[in-house]
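With compact mmCIF, C-alpha atoms inside, this is protein.txt:
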```txt
# COMPACT_ATOMS: atom_id res chain seq x y z
CA MET C 24 77.64 41.39 -33.13
CA THR C 25 74.84 43.43 -31.51
CA GLN C 26 74.52 47.20 -31.86
CA THR C 27 75.46 47.63 -28.19
CA HIS C 28 78.63 45.57 -28.60
CA THR C 29 79.52 47.59 -31.70
CA MET C 30 79.15 50.84 -29.76
CA VAL C 31 81.12 49.53 -26.79
CA ARG C 32 83.99 48.57 -29.06
CA ALA C 33 83.82 51.93 -30.83
CA VAL C 34 83.86 53.95 -27.59
CA ASN C 35 86.62 51.82 -26.06
CA HIS C 36 88.65 52.23 -29.26
CA LEU C 37 88.31 56.01 -28.96
CA THR C 38 89.37 55.76 -25.29
CA THR C 39 92.49 53.82 -26.33
CA ARG C 40 93.39 56.27 -29.10
CA TRP C 41 92.78 59.27 -26.86
CA ALA C 42 94.88 57.78 -24.06
CA ALA C 43 97.71 57.26 -26.55
CA GLN C 44 97.72 61.02 -27.10
CA ALA C 45 96.91 62.26 -23.59
CA VAL C 46 98.77 59.84 -21.30
CA ASP C 47 102.54 60.24 -21.37
CA GLY C 48 103.34 58.89 -17.90
CA THR C 49 104.83 62.14 -16.61
CA ARG C 50 101.65 63.51 -15.09
CA GLY C 51 98.33 62.18 -13.90
CA THR C 52 95.20 62.61 -15.95
CA VAL C 53 91.64 61.34 -16.39
CA LEU C 54 89.49 61.24 -19.51
CA THR C 55 86.04 60.03 -20.50
CA ALA C 56 85.48 59.10 -24.13
CA ALA C 57 81.97 57.96 -23.17
CA GLY C 58 81.14 61.64 -22.69
CA VAL C 59 82.60 62.72 -26.04
CA TRP C 60 81.40 59.95 -28.35
CA PRO C 61 77.64 60.73 -28.23
CA LEU C 62 78.26 64.41 -29.01
CA LEU C 63 80.42 63.54 -32.01
CA ALA C 64 77.69 61.16 -33.16
CA LEU C 65 75.03 63.87 -33.00
CA LEU C 66 77.28 66.23 -34.94
CA ALA C 67 77.98 63.56 -37.56
CA ASP C 68 74.26 63.11 -38.15
CA GLY C 69 73.95 66.77 -39.13
CA ALA C 70 77.23 67.13 -41.02
CA ASP C 71 78.02 66.91 -44.70
CA GLY C 72 81.09 66.63 -46.93
CA PRO C 73 84.53 65.99 -45.48
CA ALA C 74 83.41 66.91 -41.97
CA ARG C 75 80.86 64.08 -42.03
CA ASP C 76 83.47 61.60 -43.27
CA GLU C 77 86.00 62.62 -40.60
CA LEU C 78 83.44 62.34 -37.81
CA ALA C 79 82.36 58.90 -39.02
CA GLU C 80 85.98 57.73 -39.02
CA ALA C 81 86.49 59.02 -35.47
CA LEU C 82 83.29 57.31 -34.32
CA GLY C 83 84.03 54.00 -35.98
CA ILE C 84 80.48 53.72 -37.39
CA PRO C 85 78.69 55.13 -40.48
CA ALA C 86 77.41 58.68 -40.06
CA GLU C 87 73.88 57.62 -41.03
CA ASP C 88 73.79 55.35 -37.97
CA ALA C 89 75.29 57.89 -35.60
CA ALA C 90 72.24 59.62 -34.12
CA GLY C 91 70.49 56.35 -33.34
CA ALA C 92 73.68 54.96 -31.82
CA ALA C 93 74.07 58.05 -29.64
CA ARG C 94 70.53 57.69 -28.33
CA GLU C 95 71.05 53.97 -27.68
CA LEU C 96 74.33 54.53 -25.86
CA LEU C 97 72.88 57.25 -23.65
CA ALA C 98 69.85 55.07 -22.90
CA GLU C 99 72.23 52.23 -21.93
CA LEU C 100 74.19 54.55 -19.65
CA ALA C 101 71.00 55.86 -18.05
CA GLY C 102 70.28 52.35 -16.77
CA VAL C 103 73.68 51.89 -15.10
CA ARG C 104 73.32 51.96 -11.31
CA GLY C 105 75.71 54.41 -9.71
CA LEU C 106 75.98 56.47 -12.91
CA SER C 107 74.04 59.59 -13.88
CA THR C 108 74.16 61.11 -17.35
CA ALA C 109 72.65 64.13 -19.07
CA THR C 110 72.75 65.98 -22.36
CA GLY C 111 72.00 69.60 -23.05
CA LEU C 112 71.56 71.86 -26.05
CA TRP C 113 71.51 75.64 -26.00
CA ALA C 114 70.97 77.59 -29.24
CA ALA C 115 70.80 81.26 -30.09
CA ALA C 116 67.20 82.45 -30.22
CA ASP C 117 67.46 83.29 -33.93
CA LEU C 118 69.21 80.05 -34.95
CA PRO C 119 66.81 77.86 -36.95
CA LEU C 120 67.30 74.19 -36.09
CA GLU C 121 66.35 71.45 -38.52
CA ALA C 122 63.35 69.57 -37.18
CA GLY C 123 64.66 66.19 -38.36
CA TRP C 124 67.93 66.60 -36.45
CA SER C 125 66.24 67.96 -33.32
CA ALA C 126 63.83 65.03 -33.28
CA LYS C 127 66.77 62.60 -33.06
CA LEU C 128 68.30 64.25 -30.01
CA PRO C 129 68.21 62.21 -26.80
CA PRO C 130 66.00 63.54 -24.01
CA GLY C 131 67.65 66.37 -22.12
CA THR C 132 67.83 70.07 -21.49
CA ARG C 133 66.90 72.51 -24.25
CA GLY C 134 67.81 76.13 -23.65
CA THR C 135 68.39 79.45 -25.33
CA LEU C 136 71.54 81.52 -25.53
CA THR C 137 70.33 85.02 -24.74
CA GLY C 138 73.46 86.85 -25.84
CA ASP C 139 74.15 88.01 -22.28
CA LEU C 140 77.48 86.23 -21.88
CA GLU C 141 77.61 86.46 -18.08
CA ALA C 142 74.04 85.24 -17.60
CA ASP C 143 74.43 82.45 -20.17
CA THR C 144 77.70 81.34 -18.55
CA ARG C 145 75.99 81.16 -15.15
CA THR C 146 73.25 79.03 -16.68
CA LEU C 147 75.69 76.61 -18.28
CA ASP C 148 77.86 76.40 -15.16
CA GLY C 149 74.78 75.73 -13.04
CA TRP C 150 73.76 72.90 -15.38
CA ALA C 151 77.22 71.30 -15.16
CA ALA C 152 77.30 71.48 -11.37
CA ASP C 153 73.74 70.22 -10.98
CA ARG C 154 74.13 67.28 -13.38
CA THR C 155 77.37 66.09 -11.71
CA GLY C 156 76.35 66.64 -8.09
CA GLY C 157 78.91 69.43 -7.77
CA LEU C 158 81.85 67.26 -8.91
CA ILE C 159 82.32 69.54 -11.96
CA GLU C 160 81.49 73.16 -11.17
CA ARG C 161 81.85 74.82 -14.57
CA MET C 162 80.96 74.13 -18.16
CA PRO C 163 84.21 73.76 -20.12
CA VAL C 164 83.34 76.40 -22.70
CA THR C 165 84.04 80.12 -22.99
CA LEU C 166 81.11 81.81 -24.65
CA GLN C 167 81.86 84.40 -27.32
CA ASP C 168 79.68 87.04 -28.94
CA ASP C 169 79.32 84.81 -31.99
CA THR C 170 78.55 81.52 -30.17
CA ARG C 171 75.46 80.13 -31.83
CA LEU C 172 75.09 76.69 -30.29
CA VAL C 173 76.41 74.66 -27.36
CA LEU C 174 76.01 70.87 -27.21
CA ALA C 175 77.04 69.24 -23.93
CA SER C 176 77.08 65.97 -22.02
CA ALA C 177 77.57 65.26 -18.33
CA LEU C 178 78.51 62.01 -16.63
CA ALA C 179 78.86 61.39 -12.90
CA LEU C 180 79.76 58.09 -11.25
CA THR C 181 79.60 57.33 -7.53
CA LEU C 182 80.62 53.91 -6.20
CA LYS C 183 80.94 52.24 -2.83
CA TRP C 184 83.26 49.26 -2.62
CA ALA C 185 81.80 45.85 -1.89
CA GLU C 186 84.77 45.37 0.48
CA PRO C 187 86.26 48.65 1.71
CA PHE C 188 89.95 49.28 2.27
CA ARG C 189 91.71 50.31 5.44
CA GLU C 190 93.61 53.57 5.25
CA PHE C 191 96.86 54.41 6.98
CA PRO C 192 99.78 56.80 6.43
CA GLY C 193 102.86 55.27 4.89
CA GLY C 194 104.82 54.95 1.71
CA PRO C 195 106.89 52.58 -0.41
CA SER C 196 110.53 52.00 0.44
CA GLU C 197 111.69 52.24 -3.16
CA GLY C 198 110.60 53.59 -6.51
CA PRO C 199 109.42 57.08 -7.47
CA TRP C 200 107.18 57.43 -4.39
CA ALA C 201 109.80 56.31 -1.86
CA GLY C 202 110.09 58.51 1.23
CA ARG C 203 106.69 60.16 0.72
CA ALA C 204 103.94 60.02 3.35
CA LEU C 205 100.90 58.85 1.38
CA ARG C 206 97.32 57.82 2.04
CA GLN C 207 97.92 54.09 1.68
CA LEU C 208 95.02 51.67 1.27
CA SER C 209 95.07 47.99 2.18
CA ARG C 210 92.69 45.04 2.31
CA THR C 211 92.75 41.24 2.25
CA THR C 212 90.02 39.20 0.56
CA SER C 213 89.42 35.47 0.06
CA SER C 214 89.64 35.02 -3.71
CA LEU C 215 92.48 35.35 -6.18
CA ASP C 216 90.13 35.86 -9.14
CA PRO C 217 90.09 39.70 -8.98
CA VAL C 218 93.75 39.87 -10.02
CA ARG C 219 94.63 38.91 -13.60
CA VAL C 220 97.70 39.13 -15.84
CA ALA C 221 97.60 39.85 -19.56
CA GLN C 222 100.46 39.88 -22.04
CA GLY C 223 100.41 43.21 -23.84
CA PRO C 224 102.60 44.30 -26.77
CA THR C 225 105.17 45.86 -24.40
CA GLY C 226 105.08 43.19 -21.70
CA PRO C 227 102.84 41.80 -18.96
CA VAL C 228 100.15 43.92 -17.33
CA THR C 229 98.61 43.19 -13.93
CA ALA C 230 94.93 44.17 -13.59
CA LEU C 231 93.07 44.25 -10.28
CA GLU C 232 89.27 44.43 -10.22
CA VAL C 233 87.90 46.47 -7.31
CA THR C 234 84.22 45.60 -7.22
CA GLY C 235 81.42 48.01 -6.56
CA ALA C 236 78.82 47.13 -3.93
CA GLY C 237 76.02 44.74 -4.81
CA ASP C 238 73.64 47.43 -6.05
CA MET C 239 76.27 48.93 -8.36
CA ASP C 240 76.90 48.05 -12.02
CA VAL C 241 80.42 49.45 -12.28
CA ASP C 242 83.83 48.20 -11.13
CA VAL C 243 87.22 49.92 -11.13
CA HIS C 244 90.28 48.13 -12.49
CA LEU C 245 93.80 49.17 -11.46
CA VAL C 246 96.42 48.32 -14.07
CA LEU C 247 100.19 48.11 -13.64
CA GLY C 248 102.88 47.41 -16.22
CA ASP C 249 106.61 47.02 -16.10
CA PRO C 250 108.40 50.20 -14.95
CA ALA C 251 109.79 50.86 -18.43
CA ALA C 252 106.51 50.22 -20.27
CA PRO C 253 104.91 53.36 -21.79
CA ALA C 254 101.89 54.46 -19.76
CA ALA C 255 99.61 54.65 -22.80
CA GLU C 256 100.53 51.08 -23.80
CA VAL C 257 99.76 49.82 -20.29
CA LEU C 258 96.35 51.50 -20.38
CA ALA C 259 95.67 50.16 -23.88
CA ALA C 260 96.45 46.62 -22.76
CA GLY C 261 94.25 47.10 -19.69
CA ILE C 262 91.32 48.29 -21.81
CA ALA C 263 91.73 45.33 -24.16
CA ALA C 264 91.90 42.90 -21.24
CA VAL C 265 88.87 44.16 -19.31
CA SER C 266 86.78 44.28 -22.48
CA GLY C 267 87.73 40.71 -23.41
CA CYS C 268 89.76 41.62 -26.49
CA LEU C 269 93.06 40.51 -24.91
CA PRO C 270 93.32 37.14 -23.12
CA SER C 271 94.22 37.27 -19.43
CA VAL C 272 94.88 34.68 -16.74
CA ALA C 273 93.08 34.86 -13.37
CA GLY C 274 95.01 34.66 -10.11
CA ASP C 275 93.87 31.12 -9.33
CA ALA C 276 95.52 29.88 -12.53
CA LEU C 277 98.75 31.89 -12.21
CA PRO C 278 101.93 30.14 -11.04
CA ASP C 279 103.72 30.85 -7.78
CA GLY C 280 106.42 33.47 -8.00
CA SER C 281 106.09 36.91 -9.67
CA PRO C 282 103.80 36.26 -12.64
CA GLY C 283 103.01 39.94 -13.24
CA PRO C 284 104.17 43.45 -12.37
CA GLY C 285 103.67 44.25 -8.68
CA LEU C 286 102.33 40.73 -8.05
CA ALA C 287 103.73 37.92 -5.90
CA ILE C 288 102.04 34.54 -5.35
CA ALA C 289 103.13 31.83 -2.93
CA THR C 290 101.72 28.75 -1.18
CA VAL C 291 101.74 29.41 2.57
CA GLU C 292 100.48 27.94 5.83
CA ALA C 293 97.32 29.57 7.15
CA PHE C 294 94.41 29.11 9.57
CA SER C 295 91.71 29.16 6.88
CA PRO C 296 91.37 26.95 3.79
CA GLN C 297 90.47 29.97 1.65
CA PRO C 298 93.02 31.65 -0.61
CA GLN C 299 94.09 35.17 0.28
CA LEU C 300 94.53 38.26 -1.89
CA SER C 301 96.26 41.17 -0.16
CA VAL C 302 96.11 44.51 -1.95
CA SER C 303 98.18 47.59 -1.25
CA THR C 304 97.48 50.77 -3.19
CA VAL C 305 97.08 54.52 -2.65
CA ALA C 306 94.27 57.03 -2.55
CA PHE C 307 94.28 59.46 -5.44
CA SER C 308 92.40 62.50 -6.64
CA LEU C 309 92.74 63.77 -10.21
CA SER C 310 91.30 66.50 -12.36
CA ALA C 311 92.02 67.35 -15.98
CA GLU C 312 91.03 69.81 -18.67
CA HIS C 313 91.17 68.59 -22.27
CA ASP C 314 91.05 70.77 -25.37
CA LEU C 315 89.77 68.32 -27.96
CA LEU C 316 90.79 70.63 -30.80
CA GLU C 317 94.46 70.18 -29.91
CA ASP C 318 94.09 66.85 -31.69
CA ALA C 319 91.13 67.66 -33.89
CA THR C 320 91.91 64.79 -36.27
CA LEU C 321 91.49 62.21 -33.48
CA PHE C 322 87.95 63.44 -32.80
CA GLY C 323 87.00 64.02 -36.44
CA LEU C 324 86.78 67.79 -36.00
CA LEU C 325 89.58 69.09 -38.24
CA THR C 326 87.51 70.16 -41.24
CA ALA C 327 84.57 71.15 -39.04
CA THR C 328 86.62 73.96 -37.45
CA ASP C 329 87.06 75.77 -40.78
CA ALA C 330 84.78 78.79 -40.46
CA ALA C 331 85.08 79.62 -44.17
CA ARG C 332 82.01 77.47 -44.74
CA GLY C 333 79.26 75.74 -42.83
CA HIS C 334 79.57 72.00 -42.19
CA PHE C 335 76.28 71.05 -40.52
CA PRO C 336 73.34 71.71 -42.86
CA GLY C 337 71.47 68.89 -41.14
CA ILE C 338 71.54 70.89 -37.90
CA SER C 339 70.73 74.35 -39.24
CA ARG C 340 70.41 76.02 -42.62
CA ASP C 341 72.55 78.77 -41.13
CA GLY C 342 76.19 77.85 -41.61
CA LEU C 343 77.90 76.45 -38.49
CA ALA C 344 81.53 75.58 -37.71
CA ILE C 345 83.07 74.23 -34.52
CA ALA C 346 84.58 76.99 -32.37
CA SER C 347 85.61 74.95 -29.30
CA ALA C 348 85.41 71.43 -27.90
CA ARG C 349 86.58 70.75 -24.37
CA GLN C 350 86.16 68.31 -21.49
CA SER C 351 86.54 68.80 -17.74
CA ALA C 352 87.03 65.52 -15.87
CA MET C 353 87.83 64.32 -12.35
CA ALA C 354 88.29 61.07 -10.44
CA ARG C 355 88.76 60.15 -6.76
CA PHE C 356 89.71 56.73 -5.37
CA HIS C 357 89.59 56.25 -1.59
CA ALA C 358 89.02 53.68 1.14
CA ALA C 359 85.23 53.61 0.83
CA GLY C 360 84.66 54.10 -2.88
CA PHE C 361 85.25 55.95 -6.13
CA GLU C 362 83.85 59.04 -7.82
CA ALA C 363 84.35 60.23 -11.37
CA ALA C 364 82.69 62.91 -13.44
CA ALA C 365 83.10 64.64 -16.78
CA VAL C 366 81.38 67.45 -18.61
CA THR C 367 82.04 67.80 -22.33
CA ALA C 368 80.95 70.84 -24.32
CA ILE C 369 81.16 71.60 -28.03
CA ALA C 370 80.38 75.15 -29.16
CA ALA C 371 79.57 76.20 -32.69
CA ARG C 372 79.96 79.60 -34.29
CA PRO C 373 78.83 80.89 -37.68
CA GLY C 374 80.58 79.33 -40.63
CA GLY C 375 80.15 80.11 -43.79
CA ALA C 376 93.61 35.05 17.83
CA ALA C 377 96.30 32.21 17.72
CA ARG C 378 95.09 28.87 16.40
CA PRO C 379 96.89 25.78 15.11
CA VAL C 380 97.92 26.14 11.48
CA SER C 381 96.07 23.44 9.56
CA HIS C 382 95.89 24.52 5.91
CA ARG C 383 98.18 25.31 3.04
CA VAL C 384 96.71 27.95 0.78
CA ARG C 385 97.75 30.20 -2.05
CA ARG C 386 98.31 33.82 -1.15
CA ALA C 387 98.75 36.68 -3.60
CA VAL C 388 100.09 40.11 -2.77
CA VAL C 389 99.67 42.91 -5.29
CA ARG C 390 101.17 46.35 -4.76
CA PHE C 391 100.44 49.51 -6.70
CA ASP C 392 103.33 51.52 -5.30
CA ARG C 393 104.44 53.34 -8.46
CA PRO C 394 102.53 55.05 -11.30
CA PHE C 395 99.58 52.99 -12.54
CA GLY C 396 96.41 53.27 -14.56
CA PHE C 397 92.75 52.91 -13.71
CA LEU C 398 89.59 52.08 -15.64
CA ALA C 399 85.98 52.46 -14.51
CA VAL C 400 84.09 49.76 -16.42
CA HIS C 401 80.42 48.87 -16.83
CA ARG C 402 80.36 45.29 -15.60
CA ALA C 403 77.73 43.95 -18.01
CA CYS C 404 79.08 45.16 -21.36
CA GLY C 405 82.72 46.16 -20.73
CA LEU C 406 82.24 49.84 -21.66
CA VAL C 407 85.06 51.96 -20.24
CA LEU C 408 83.37 54.95 -18.58
CA ALA C 409 86.54 56.67 -17.39
CA ALA C 410 90.26 56.05 -17.76
CA GLY C 411 93.32 57.66 -16.28
CA TRP C 412 96.88 57.49 -15.02
CA VAL C 413 98.07 58.11 -11.44
CA THR C 414 101.46 59.76 -10.90
CA ASP C 415 100.87 61.82 -7.75
CA PRO C 416 98.93 60.01 -4.97
CA GLU C 417 97.24 61.93 -2.19
CA PRO C 418 99.56 62.77 0.72
CA ALA C 419 98.80 61.50 4.19
CA ALA C 420 97.20 64.05 6.50
CA ARG C 421 99.60 65.64 8.95
CA PRO C 422 98.79 64.38 12.47
CA ARG C 423 97.88 66.92 15.12
CA PRO C 424 100.68 67.55 17.65
CA GLY C 425 100.52 64.85 20.31
CA ALA C 426 97.89 62.83 18.43
CA ALA C 427 98.55 59.18 17.66
CA GLY C 428 98.02 58.43 14.00
CA PRO C 429 96.37 55.25 12.70
CA LEU C 430 98.52 52.17 12.75
CA PRO C 431 99.35 50.33 9.53
CA PRO C 432 97.41 47.10 9.02
CA PRO C 433 98.94 44.03 10.65
CA PRO C 434 100.11 41.15 8.45
CA PHE C 435 97.68 38.34 7.84
CA PRO C 436 97.57 36.30 11.09
CA GLY C 437 99.98 33.39 11.14
CA VAL C 438 101.32 34.02 7.65
CA ARG C 439 104.77 35.10 6.64
CA PRO C 440 104.26 37.41 3.64
CA PRO C 441 106.17 36.51 0.49
CA ALA C 442 109.02 38.74 -0.57
CA PRO C 443 107.96 41.90 -2.45
CA PRO C 444 107.81 41.43 -6.20
CA SER C 445 110.89 42.45 -8.13
CA ARG C 446 110.70 45.70 -10.00
```
Is it possible to give me this structure as structure tokens?
Amino acid sequence: MTQTHTMVRAVNHLTTRWAAQAVDGTRGTVLTAAGVWPLLALLADGADGPARDELAEALGIPAEDAAGAARELLAELAGVRGLSTATGLWAAADLPLEAGWSAKLPPGTRGTLTGDLEADTRTLDGWAADRTGGLIERMPVTLQDDTRLVLASALALTLKWAEPFREFPGGPSEGPWAGRALRQLSRTTSSLDPVRVAQGPTGPVTALEVTGAGDMDVDVHLVLGDPAAPAAEVLAAGIAAVSGCLPSVAGDALPDGSPGPGLAIATVEAFSPQPQLSVSTVAFSLSAEHDLLEDATLFGLLTATDAARGHFPGISRDGLAIASARQSAMARFHAAGFEAAAVTAIAARPGGAARPVSHRVRRAVVRFDRPFGFLAVHRACGLVLAAGWVTDPEPAARPRPGAAGPLPPPPFPGVRPPAPPSR
């Protein structure tokens, strides 16, 4: 297994474990383990004792390999079209940094904490906004008088769909979103391959790949499980499926009927010999704030928060302990594309037209009309860049008095749609 594949599996494993803690199905959220993992790796390289062991366990790789792996991961991300990444380090002017650790840092911003909390906060907020194109406006850290070091990463993803959706106001007739006027999205394409079904531990999961335009390296996968399936388990199965760890069956090989949640397939009469995949989903916009220290064990930071002693002699001979670790993240899915961004910051303090029907084709209809998950995935290596759960889609805009709103999309010409899938 190559080093890149090892890192991808390690980051995706952290995404799965984090989702198990953060996604409970009652509220929407978005998280980016790809923004946390490199920072933990850089900390592990400079840690000792139990803190080093805990960080290595959270990373899934030996601590001695961590700094090189962080650099390699960030270099890999820097080459992903549609994605921008950055790292930054700000240290107190009188904090001596170990040259060996500093030399292993990936290229990025190096700055000084002046001790003027307002001015330093403006600097950090400006960095976050600039590195994410304004998608994240503030650094997720509150500077204190004793803050000695801030280590941060930024990730911003902007995609255009290869085949855009049409948007119209509407809503499902049943389920938790019934009766709501939502920004519904619809499109019909000529291949069943983008929809797949995997068998997860808690039941089948339907995954739909929404492909980025030709010059993009990232796709977004929408994942839907049975209504009673736990949200975290649905996301975990989706991550395993898109990364190739869980077998899945493509739409062309699925049987007619309802082979997966939200999915119906039938053989119908049509004008064209090509198969048809009709997708109905919703626009969504999410933001989330994560305090990584609320589950410090998950991120390998439990011992490192003990200020009774220093834990990072490889970073500085002055004792350091973790004071805060937070992430701000957002995601937007709409008719034309997708945006996601995250800024993660870890702060350290002292520590010790009608034609004749002539073809019979297979037609699939997939509907995401109740809470579902999403994954932004690097196409080449399967790295999950962002993951989340949608519980509250964007409402449809209120029409101006007397204005005619957009009409819902017509059914596929000459085709009687199959019955909606059972729920």
From the list C:Phe356, C:Phe391, C:Trp184, C:Phe294, the nearest residue to C:Gly237 using all atoms listed in the file is C:Trp184
Just give me the gap between atom CA of C:Leu408 and atom CA of C:Leu112 in Å, one decimal is fine.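 According to the coordinates, atom CA of C:Leu408 and atom CA of C:Leu112 are separated by 21.9 Å.
If you measure from each of C:Ala33, C:Ala43, C:Leu66, C:Ala79 to C:Phe335 using all atoms listed in the file, the closest one turns out to be C:Leu66.
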Out of C:Pro298, C:Gly323, C:Pro270, C:Gly360, which residue has the shortest atom-to-atom distance to C:Leu182 when counting all atoms listed in the file?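 That would be C:Gly360, the residue with the smallest distance to C:Leu182.
Distances to C:Cys268 were evaluated for C:Ala221, C:Val164, C:Val413, C:Ala81 using all atoms listed in the file, and the minimum falls at C:Ala221.
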